[in-house]
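data_26.txt (compact mmCIF, C-alpha atoms and all ligand atoms) appears below.
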```txt
# COMPACT_ATOMS: atom_id res chain seq x y z
CA MET Q 94 0.00 0.00 0.00
CA ALA Q 95 1.26 3.41 -0.84
CA SER Q 96 1.83 5.78 1.95
CA CYS Q 97 0.35 9.19 1.97
CA SER Q 98 2.50 11.45 4.03
CA SER Q 99 -0.21 13.97 4.62
CA LEU Q 100 -3.61 14.79 3.29
CA SER Q 101 -5.68 17.80 4.17
CA PHE Q 102 -9.44 17.88 3.78
CA THR Q 103 -11.13 21.21 3.98
CA PRO Q 104 -14.93 21.30 4.00
CA ILE Q 105 -16.18 23.70 1.40
CA SER Q 106 -19.93 23.59 1.91
CA SER Q 107 -20.17 22.28 5.41
CA ASN Q 108 -20.10 24.11 8.70
CA SER Q 109 -18.29 21.34 10.40
CA ASP Q 110 -14.81 21.60 11.74
CA PRO Q 111 -12.74 18.84 10.22
CA GLN Q 112 -10.72 18.48 13.37
CA LYS Q 113 -13.82 17.33 15.26
CA HIS Q 114 -14.35 14.41 12.91
CA SER Q 115 -12.70 11.08 12.82
CA PHE Q 116 -11.33 9.77 9.58
CA SER Q 117 -14.18 7.29 9.18
CA SER Q 118 -16.94 9.83 9.79
CA LEU Q 119 -15.37 12.52 7.69
CA VAL Q 120 -14.29 10.28 4.88
CA PRO Q 121 -16.79 7.47 4.56
CA SER Q 122 -16.84 4.55 2.19
CA TYR Q 123 -16.48 6.60 -0.97
CA LEU Q 124 -12.88 7.32 -0.07
CA SER Q 125 -12.10 4.13 1.80
CA HIS Q 126 -10.69 2.50 -1.31
CA LEU Q 127 -7.99 5.13 -1.71
CA PRO Q 128 -4.45 3.72 -1.58
CA PHE Q 129 -3.66 4.90 1.91
CA THR Q 130 -4.98 4.31 5.39
CA SER Q 131 -6.36 6.60 8.03
CA SER Q 132 -3.14 6.25 9.98
CA HIS Q 133 -1.38 7.99 7.12
CA LEU Q 134 -3.74 10.91 7.04
CA SER Q 135 -3.82 14.09 8.99
CA PHE Q 136 -6.56 16.66 9.15
CA SER Q 137 -5.89 20.28 9.40
CA LYS Q 138 -7.93 23.43 9.78
CA SER Q 139 -5.65 25.06 7.32
CA SER Q 140 -5.54 24.02 3.73
CA SER Q 141 -1.82 23.55 3.55
CA LEU Q 142 -0.21 20.55 2.02
CA HIS Q 143 2.44 18.97 4.19
CA SER Q 144 4.94 16.66 2.64
CA ARG Q 145 7.69 15.13 4.63
CA GLN Q 146 8.98 12.48 2.27
CA THR Q 147 10.23 12.17 -1.24
CA LEU Q 148 7.06 12.51 -3.15
CA PHE Q 149 6.08 11.99 -6.65
CA ARG Q 150 2.88 13.89 -7.17
CA THR Q 151 0.20 15.97 -5.65
CA HIS Q 152 -3.48 16.23 -6.43
CA CYS Q 153 -5.85 19.11 -6.31
CA ARG Q 154 -9.27 17.77 -7.06
CA ARG Q 155 -12.83 18.34 -5.97
CA VAL Q 156 -14.40 15.13 -4.74
CA PRO Q 157 -18.12 14.75 -5.66
CA PRO Q 158 -20.31 15.05 -2.59
CA PRO Q 159 -21.61 11.60 -1.55
CA ASN Q 160 -23.70 12.68 1.43
CA GLY Q 161 -24.22 16.38 1.29
CA ALA Q 162 -20.80 17.34 2.54
CA SER Q 163 -18.35 18.44 -0.06
CA PHE Q 164 -14.62 18.32 0.30
CA LEU Q 165 -11.76 19.59 -1.67
CA VAL Q 166 -8.95 17.10 -1.57
CA LEU Q 167 -6.13 19.55 -1.43
CA GLY Q 168 -3.20 17.33 -1.56
CA CYS Q 169 -2.27 13.74 -1.45
CA ALA Q 170 1.35 13.11 -2.01
CA GLN Q 171 1.94 9.46 -2.65
CA LYS Q 172 5.23 7.75 -2.33
CA ALA Q 173 5.88 5.24 -5.07
CA GLU Q 174 7.16 1.89 -3.87
CA PRO Q 175 10.94 1.77 -3.56
CA LEU Q 176 13.22 0.03 -6.04
CA ARG Q 177 13.89 -3.67 -5.68
CA ILE Q 178 16.86 -4.83 -7.66
CA MET Q 179 18.86 -8.02 -8.08
CA ILE Q 180 22.39 -8.12 -9.38
CA SER Q 181 24.09 -11.25 -10.55
CA GLY Q 182 27.31 -12.23 -12.26
CA ALA Q 183 30.28 -14.54 -11.97
CA PRO Q 184 32.84 -14.06 -9.20
CA ALA Q 185 34.70 -10.75 -9.71
CA SER Q 186 32.32 -9.61 -12.43
CA GLY Q 187 32.15 -6.25 -10.65
CA LYS Q 188 29.01 -6.66 -8.57
CA GLY Q 189 30.59 -5.10 -5.48
CA THR Q 190 31.77 -2.00 -7.38
CA GLN Q 191 28.43 -1.48 -9.08
CA CYS Q 192 26.53 -2.10 -5.85
CA GLU Q 193 28.45 0.72 -4.22
CA LEU Q 194 27.65 3.11 -7.08
CA ILE Q 195 23.99 2.08 -7.13
CA THR Q 196 23.48 2.41 -3.36
CA ASP Q 197 25.28 5.78 -3.34
CA LYS Q 198 22.89 7.14 -5.93
CA TYR Q 199 19.63 5.38 -5.12
CA GLY Q 200 19.95 4.84 -1.36
CA LEU Q 201 18.95 1.18 -1.52
CA VAL Q 202 19.88 -1.30 1.18
CA HIS Q 203 22.66 -3.53 -0.15
CA ILE Q 204 22.15 -7.16 0.81
CA ALA Q 205 25.02 -9.41 -0.29
CA ALA Q 206 24.53 -13.10 0.40
CA GLY Q 207 28.31 -13.69 0.44
CA ASP Q 208 28.83 -10.89 3.00
CA LEU Q 209 26.07 -12.28 5.23
CA LEU Q 210 27.77 -15.69 5.11
CA ARG Q 211 31.22 -14.25 5.84
CA ALA Q 212 29.73 -12.40 8.81
CA GLU Q 213 28.40 -15.73 10.12
CA ILE Q 214 31.85 -17.26 9.70
CA ALA Q 215 33.49 -14.34 11.50
CA ALA Q 216 30.97 -14.66 14.34
CA GLY Q 217 31.88 -18.35 14.67
CA SER Q 218 28.22 -19.43 14.52
CA GLU Q 219 27.12 -22.95 13.69
CA ASN Q 220 25.69 -21.70 10.38
CA GLY Q 221 29.02 -20.02 9.64
CA LYS Q 222 30.96 -23.22 10.29
CA GLN Q 223 28.72 -25.21 7.99
CA ALA Q 224 28.74 -22.51 5.31
CA LYS Q 225 32.55 -22.36 5.26
CA GLU Q 226 32.78 -26.02 4.26
CA TYR Q 227 30.78 -25.31 1.12
CA MET Q 228 32.44 -21.99 0.37
CA ASP Q 229 35.86 -23.63 0.57
CA LYS Q 230 34.79 -25.96 -2.20
CA GLY Q 231 33.26 -23.17 -4.30
CA LYS Q 232 29.83 -24.76 -3.86
CA LEU Q 233 26.53 -23.19 -3.00
CA VAL Q 234 25.76 -23.09 0.70
CA PRO Q 235 22.55 -25.08 1.43
CA ASN Q 236 19.26 -23.20 1.19
CA GLU Q 237 18.41 -23.94 4.86
CA ILE Q 238 21.13 -21.48 5.80
CA VAL Q 239 20.98 -18.90 3.00
CA VAL Q 240 17.26 -18.48 2.37
CA THR Q 241 16.25 -17.53 5.92
CA MET Q 242 19.24 -15.23 6.26
CA VAL Q 243 18.35 -13.30 3.11
CA LYS Q 244 14.62 -13.26 3.85
CA GLU Q 245 15.24 -11.68 7.25
CA ARG Q 246 17.32 -8.90 5.74
CA LEU Q 247 14.75 -8.25 3.02
CA ASN Q 248 12.05 -8.00 5.66
CA GLY Q 249 14.07 -5.53 7.70
CA PRO Q 250 12.41 -2.12 8.13
CA ASP Q 251 15.28 -0.37 6.31
CA SER Q 252 14.93 -2.61 3.23
CA GLN Q 253 11.17 -2.20 3.25
CA GLU Q 254 11.38 1.54 3.43
CA LYS Q 255 14.37 2.33 1.19
CA GLY Q 256 14.18 -0.59 -1.21
CA TRP Q 257 16.84 -3.23 -1.69
CA LEU Q 258 19.69 -4.31 -3.91
CA LEU Q 259 20.14 -8.05 -3.63
CA ASP Q 260 23.62 -9.22 -4.60
CA GLY Q 261 24.52 -12.87 -5.13
CA TYR Q 262 21.02 -14.17 -4.51
CA PRO Q 263 19.23 -16.11 -5.93
CA ARG Q 264 21.89 -18.45 -7.30
CA SER Q 265 19.57 -21.34 -8.10
CA SER Q 266 16.01 -21.74 -9.26
CA SER Q 267 15.02 -23.09 -5.84
CA GLN Q 268 16.32 -19.90 -4.21
CA ALA Q 269 14.41 -17.80 -6.74
CA LYS Q 270 11.24 -19.80 -6.11
CA ALA Q 271 11.63 -19.44 -2.34
CA LEU Q 272 11.89 -15.69 -2.74
CA LYS Q 273 8.80 -15.57 -4.91
CA GLU Q 274 6.86 -17.60 -2.37
CA PHE Q 275 7.81 -15.09 0.30
CA GLY Q 276 6.39 -12.36 -1.96
CA PHE Q 277 9.65 -10.69 -3.01
CA GLN Q 278 9.57 -9.71 -6.66
CA PRO Q 279 12.35 -7.57 -8.16
CA ASP Q 280 11.82 -4.71 -10.61
CA LEU Q 281 15.04 -5.45 -12.46
CA PHE Q 282 17.52 -8.31 -12.67
CA ILE Q 283 20.99 -7.13 -13.67
CA LEU Q 284 23.48 -9.62 -15.08
CA LEU Q 285 27.12 -8.58 -15.44
CA GLU Q 286 28.84 -10.55 -18.21
CA VAL Q 287 32.62 -10.85 -18.23
CA PRO Q 288 34.86 -13.29 -20.15
CA GLU Q 289 36.34 -16.02 -17.97
CA GLU Q 290 40.04 -15.17 -18.43
CA ILE Q 291 39.43 -11.63 -17.14
CA LEU Q 292 37.53 -12.98 -14.15
CA VAL Q 293 40.33 -15.26 -13.02
CA GLU Q 294 42.89 -12.46 -13.26
CA ARG Q 295 40.61 -10.09 -11.33
CA VAL Q 296 40.00 -12.61 -8.54
CA VAL Q 297 43.60 -13.66 -8.05
CA GLY Q 298 44.80 -10.04 -7.73
CA ARG Q 299 41.88 -8.87 -5.57
CA ARG Q 300 42.72 -7.64 -2.07
CA LEU Q 301 40.72 -6.11 0.78
CA ASP Q 302 41.78 -3.34 3.10
CA PRO Q 303 40.30 -4.53 6.43
CA VAL Q 304 40.51 -1.02 7.88
CA THR Q 305 38.52 0.87 5.24
CA GLY Q 306 36.73 -2.01 3.54
CA LYS Q 307 38.07 -0.82 0.19
CA ILE Q 308 38.77 -3.38 -2.51
CA TYR Q 309 42.05 -3.15 -4.44
CA HIS Q 310 43.61 -5.05 -7.31
CA LEU Q 311 47.36 -5.53 -7.14
CA LYS Q 312 47.72 -4.69 -10.84
CA TYR Q 313 44.69 -2.62 -11.87
CA SER Q 314 43.92 -0.69 -8.72
CA PRO Q 315 47.00 -0.89 -6.46
CA PRO Q 316 47.00 0.48 -2.89
CA GLU Q 317 47.93 4.16 -2.55
CA THR Q 318 50.58 3.73 0.16
CA GLU Q 319 53.01 1.11 1.50
CA GLU Q 320 51.15 1.19 4.78
CA ILE Q 321 47.90 0.14 3.12
CA ALA Q 322 49.73 -2.45 1.00
CA ALA Q 323 51.11 -4.05 4.15
CA ARG Q 324 47.71 -4.61 5.73
CA LEU Q 325 45.81 -5.92 2.69
CA THR Q 326 44.15 -9.31 3.03
CA GLN Q 327 42.92 -11.82 0.49
CA ARG Q 328 39.57 -13.58 0.68
CA PHE Q 329 40.06 -17.26 1.54
CA ASP Q 330 38.25 -18.30 -1.66
CA ASP Q 331 40.04 -15.87 -3.99
CA THR Q 332 42.64 -18.33 -5.24
CA GLU Q 333 42.89 -19.56 -8.82
CA GLU Q 334 41.90 -23.08 -7.85
CA LYS Q 335 38.83 -21.95 -5.88
CA VAL Q 336 37.67 -19.35 -8.35
CA LYS Q 337 37.55 -22.00 -11.07
CA LEU Q 338 35.26 -24.07 -8.86
CA ARG Q 339 33.09 -21.01 -8.16
CA LEU Q 340 32.90 -20.24 -11.88
CA HIS Q 341 31.81 -23.78 -12.57
CA THR Q 342 29.04 -23.48 -9.97
CA HIS Q 343 28.00 -20.12 -11.45
CA HIS Q 344 27.73 -21.51 -14.99
CA GLN Q 345 25.77 -24.50 -13.75
CA ASN Q 346 23.09 -22.31 -12.18
CA VAL Q 347 22.92 -19.00 -13.99
CA GLU Q 348 20.65 -20.08 -16.86
CA ALA Q 349 18.03 -21.53 -14.52
CA VAL Q 350 17.95 -18.32 -12.51
CA LEU Q 351 17.86 -16.15 -15.64
CA SER Q 352 14.91 -18.06 -17.03
CA MET Q 353 12.88 -16.95 -13.99
CA TYR Q 354 13.58 -13.27 -14.59
CA LYS Q 355 13.92 -13.13 -18.37
CA ASP Q 356 11.31 -10.38 -18.77
CA ILE Q 357 13.13 -8.02 -16.44
CA THR Q 358 16.77 -8.89 -17.17
CA LEU Q 359 19.35 -6.29 -18.11
CA LYS Q 360 22.55 -7.85 -19.45
CA VAL Q 361 25.57 -5.58 -19.21
CA ASN Q 362 29.06 -6.06 -20.58
CA GLY Q 363 31.00 -6.09 -17.31
CA SER Q 364 34.41 -5.82 -18.98
CA ALA Q 365 33.78 -2.17 -19.88
CA SER Q 366 34.97 0.56 -17.50
CA LYS Q 367 33.11 0.84 -14.21
CA GLN Q 368 31.64 4.22 -15.27
CA GLU Q 369 30.37 2.75 -18.55
CA VAL Q 370 28.84 -0.23 -16.76
CA PHE Q 371 27.21 2.06 -14.23
CA GLY Q 372 25.95 4.34 -17.02
CA GLN Q 373 23.92 1.46 -18.46
CA ILE Q 374 22.60 0.34 -15.09
CA ASP Q 375 21.76 3.91 -14.10
CA GLY Q 376 19.81 4.44 -17.33
CA ALA Q 377 17.76 1.31 -16.72
CA LEU Q 378 17.09 2.19 -13.07
CA THR Q 379 15.92 5.66 -14.06
CA GLN Q 380 13.46 4.09 -16.48
CA VAL Q 381 12.19 1.64 -13.87
CA LEU Q 382 11.68 4.48 -11.41
CA GLU Q 383 9.78 6.49 -14.01
CA GLN Q 384 7.58 3.49 -14.74
CA LYS Q 385 6.84 2.96 -11.05
CA GLN Q 386 6.05 6.62 -10.67
CA GLY Q 387 3.75 6.53 -13.70
CA LEU Q 388 1.99 3.48 -12.35
CA TRP Q 389 1.25 5.18 -9.06
CA GLN Q 390 0.00 8.28 -10.79
CA HIS Q 391 -2.29 6.16 -12.92
CA ARG Q 392 -3.58 4.15 -9.95
CA GLY Q 393 -4.10 7.21 -7.81
CA THR Q 394 -5.99 9.05 -10.51
CA GLN Q 395 -8.16 6.06 -11.25
CA GLN Q 396 -9.07 5.53 -7.63
CA ILE Q 397 -9.70 9.14 -6.77
CA SER Q 398 -12.05 9.62 -9.70
CA MET Q 399 -14.19 6.53 -8.87
N1 LIG O 1 22.88 -17.25 -2.72
C1 LIG O 1 23.85 -18.09 -2.31
N2 LIG O 1 23.54 -19.39 -2.13
C2 LIG O 1 24.45 -20.26 -1.72
N3 LIG O 1 25.74 -19.95 -1.47
C3 LIG O 1 26.11 -18.66 -1.63
C4 LIG O 1 25.18 -17.66 -2.05
N4 LIG O 1 25.83 -16.48 -2.12
C5 LIG O 1 27.11 -16.73 -1.77
N5 LIG O 1 27.28 -18.04 -1.48
C6 LIG O 1 28.54 -18.69 -1.07
O1 LIG O 1 29.50 -17.67 -0.75
C7 LIG O 1 30.60 -17.70 -1.67
C8 LIG O 1 31.09 -16.28 -1.93
O2 LIG O 1 30.07 -15.53 -2.52
P1 LIG O 1 30.31 -14.03 -2.97
O3 LIG O 1 30.91 -13.27 -1.84
O4 LIG O 1 29.04 -13.51 -3.52
O5 LIG O 1 31.43 -14.10 -4.06
P2 LIG O 1 31.44 -14.55 -5.58
O6 LIG O 1 30.18 -14.17 -6.24
O7 LIG O 1 32.60 -13.77 -6.04
O8 LIG O 1 31.67 -16.03 -5.56
C9 LIG O 1 30.07 -18.45 -2.88
O9 LIG O 1 31.11 -19.08 -3.60
C10 LIG O 1 29.13 -19.48 -2.22
O10 LIG O 1 29.86 -20.55 -1.66
```

Would you kindly transcribe this structure into structure tokens?
Ligand SMILES: Nc1ncnc2c1ncn2[C@@H]1O[C@H](COP(=O)(O)OP(=O)(O)O)[C@@H](O)[C@H]1O
Amino acid sequence: MASCSSLSFTPISSNSDPQKHSFSSLVPSYLSHLPFTSSHLSFSKSSSLHSRQTLFRTHCRRVPPPNGASFLVLGCAQKAEPLRIMISGAPASGKGTQCELITDKYGLVHIAAGDLLRAEIAAGSENGKQAKEYMDKGKLVPNEIVVTMVKERLNGPDSQEKGWLLDGYPRSSSQAKALKEFGFQPDLFILLEVPEEILVERVVGRRLDPVTGKIYHLKYSPPETEEIAARLTQRFDDTEEKVKLRLHTHHQNVEAVLSMYKDITLKVNGSASKQEVFGQIDGALTQVLEQKQGLWQHRGTQQISM
């Protein structure tokens, strides 16, 4: 349901004071189908339009009198639903880099299945111990561990409010189906495509600065100082042997996942520069946002004029 940050009703042929009326008495059944609830509405003696959130539209429309009273709906600012995006690609295809650029611009909550699993390992939990055995072999961690973990993050209030960017999930059709059953449907599925020889080189040279969280590449994006160079770490599964296993797993599963999202898939050449890759993704996200905005405008107009 859309949220309406504030709506003011001002009676125009009634003597009544809107503040004395409850939502249900003031706005009976003829408005009850509007895409917001009474808890989202506020009444005001004044006719000002308050808007506290990022809003996409306002209305100024006279509502036909159903029961003698006549109201001018001065403003309903609806918030379109936030973006829900999935990003997929082989190991080192650039998901992390693009996720950073996307979240910076669109404010989505970044949920990376691999990061959630590494956090479990770092915490020494039972799930983490089990997950590590699979990750060491470049295999998918069982759904019993991954699905619940991801679902909980998607259900978090931040993800619900700001929208989400799901990275590295789903990696199999069963994971995609589980997500669908829980009612999570993305607006766009981004697939980064990079030739295998580039991927292996990227993975083997990839390093992490544990202090800043920044990712470096020994050849393509070397650390700025000797001090940083000295503290860089390598992910335990970023070796040539393990990345080949991970690539194998990726190729085994990617087609099945893609087939579930084929209508909303954006394939991007991930071997282009990071700005070029982001340019394509950004263009698609802008379009999706415009479509969502248009949809809400259409729905709102339809419902208000009923
Ligand atoms: N959705 C998932 N389902 C099962 N296992 C996963 C999932 N996401 C990540 N993993 C495990 O974590 C490992 C690291 O994942 P990730 O950090 O996304 O790196 P990459 O995509 O480069 O392999 C994977 O090789 C796999 O073992």

Which value, in Å to one decimal, gives the distance between CA of Ser352 (chain Q) and CA of Lys385 (chain Q)? 23.3 Å

List as a PDB file with C-alpha atoms, in the frame of the given file the protein and nucleic acid residues lying within 6 Å of ligand LIG 1 (chain O), with all atoms listed in the file counted.
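Ended up saving to result-v5.pdb:
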```
ATOM      1  CA  ALA Q 183      30.280 -14.540 -11.970  1.00  0.00           C
ATOM      2  CA  PRO Q 184      32.840 -14.060  -9.200  1.00  0.00           C
ATOM      3  CA  ALA Q 185      34.700 -10.750  -9.710  1.00  0.00           C
ATOM      4  CA  ALA Q 206      24.530 -13.100   0.400  1.00  0.00           C
ATOM      5  CA  GLY Q 207      28.310 -13.690   0.440  1.00  0.00           C
ATOM      6  CA  ASP Q 208      28.830 -10.890   3.000  1.00  0.00           C
ATOM      7  CA  TYR Q 227      30.780 -25.310   1.120  1.00  0.00           C
ATOM      8  CA  MET Q 228      32.440 -21.990   0.370  1.00  0.00           C
ATOM      9  CA  GLY Q 231      33.260 -23.170  -4.300  1.00  0.00           C
ATOM     10  CA  LYS Q 232      29.830 -24.760  -3.860  1.00  0.00           C
ATOM     11  CA  LEU Q 233      26.530 -23.190  -3.000  1.00  0.00           C
ATOM     12  CA  VAL Q 234      25.760 -23.090   0.700  1.00  0.00           C
ATOM     13  CA  VAL Q 239      20.980 -18.900   3.000  1.00  0.00           C
ATOM     14  CA  GLY Q 261      24.520 -12.870  -5.130  1.00  0.00           C
ATOM     15  CA  TYR Q 262      21.020 -14.170  -4.510  1.00  0.00           C
ATOM     16  CA  PRO Q 263      19.230 -16.110  -5.930  1.00  0.00           C
ATOM     17  CA  ARG Q 264      21.890 -18.450  -7.300  1.00  0.00           C
ATOM     18  CA  ARG Q 339      33.090 -21.010  -8.160  1.00  0.00           C
TER      19      ARG Q 339
END
```

Do a neighbour search on Ile357 (chain Q) at 10 Å with all atoms listed in the file, toss out local chain neighbours closer than 4 positions, and write the hits as a ChimeraX atom specification. /Q:279-283,351,353

Could you state the separation of CA of Asn236 (chain Q) and CA of Ala224 (chain Q) in Å, given to one decimal place? 10.4 Å

Taken to one decimal, the CA of Ser265 (chain Q)-CA of His343 (chain Q) distance is 9.2 Å

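Of the residues listed (Q:Lys230, Q:Arg295, Q:His310, Q:His203), Q:Lys230 shows the shortest atom-to-atom separation from Phe329 (chain Q); distances use all atoms listed in the file.
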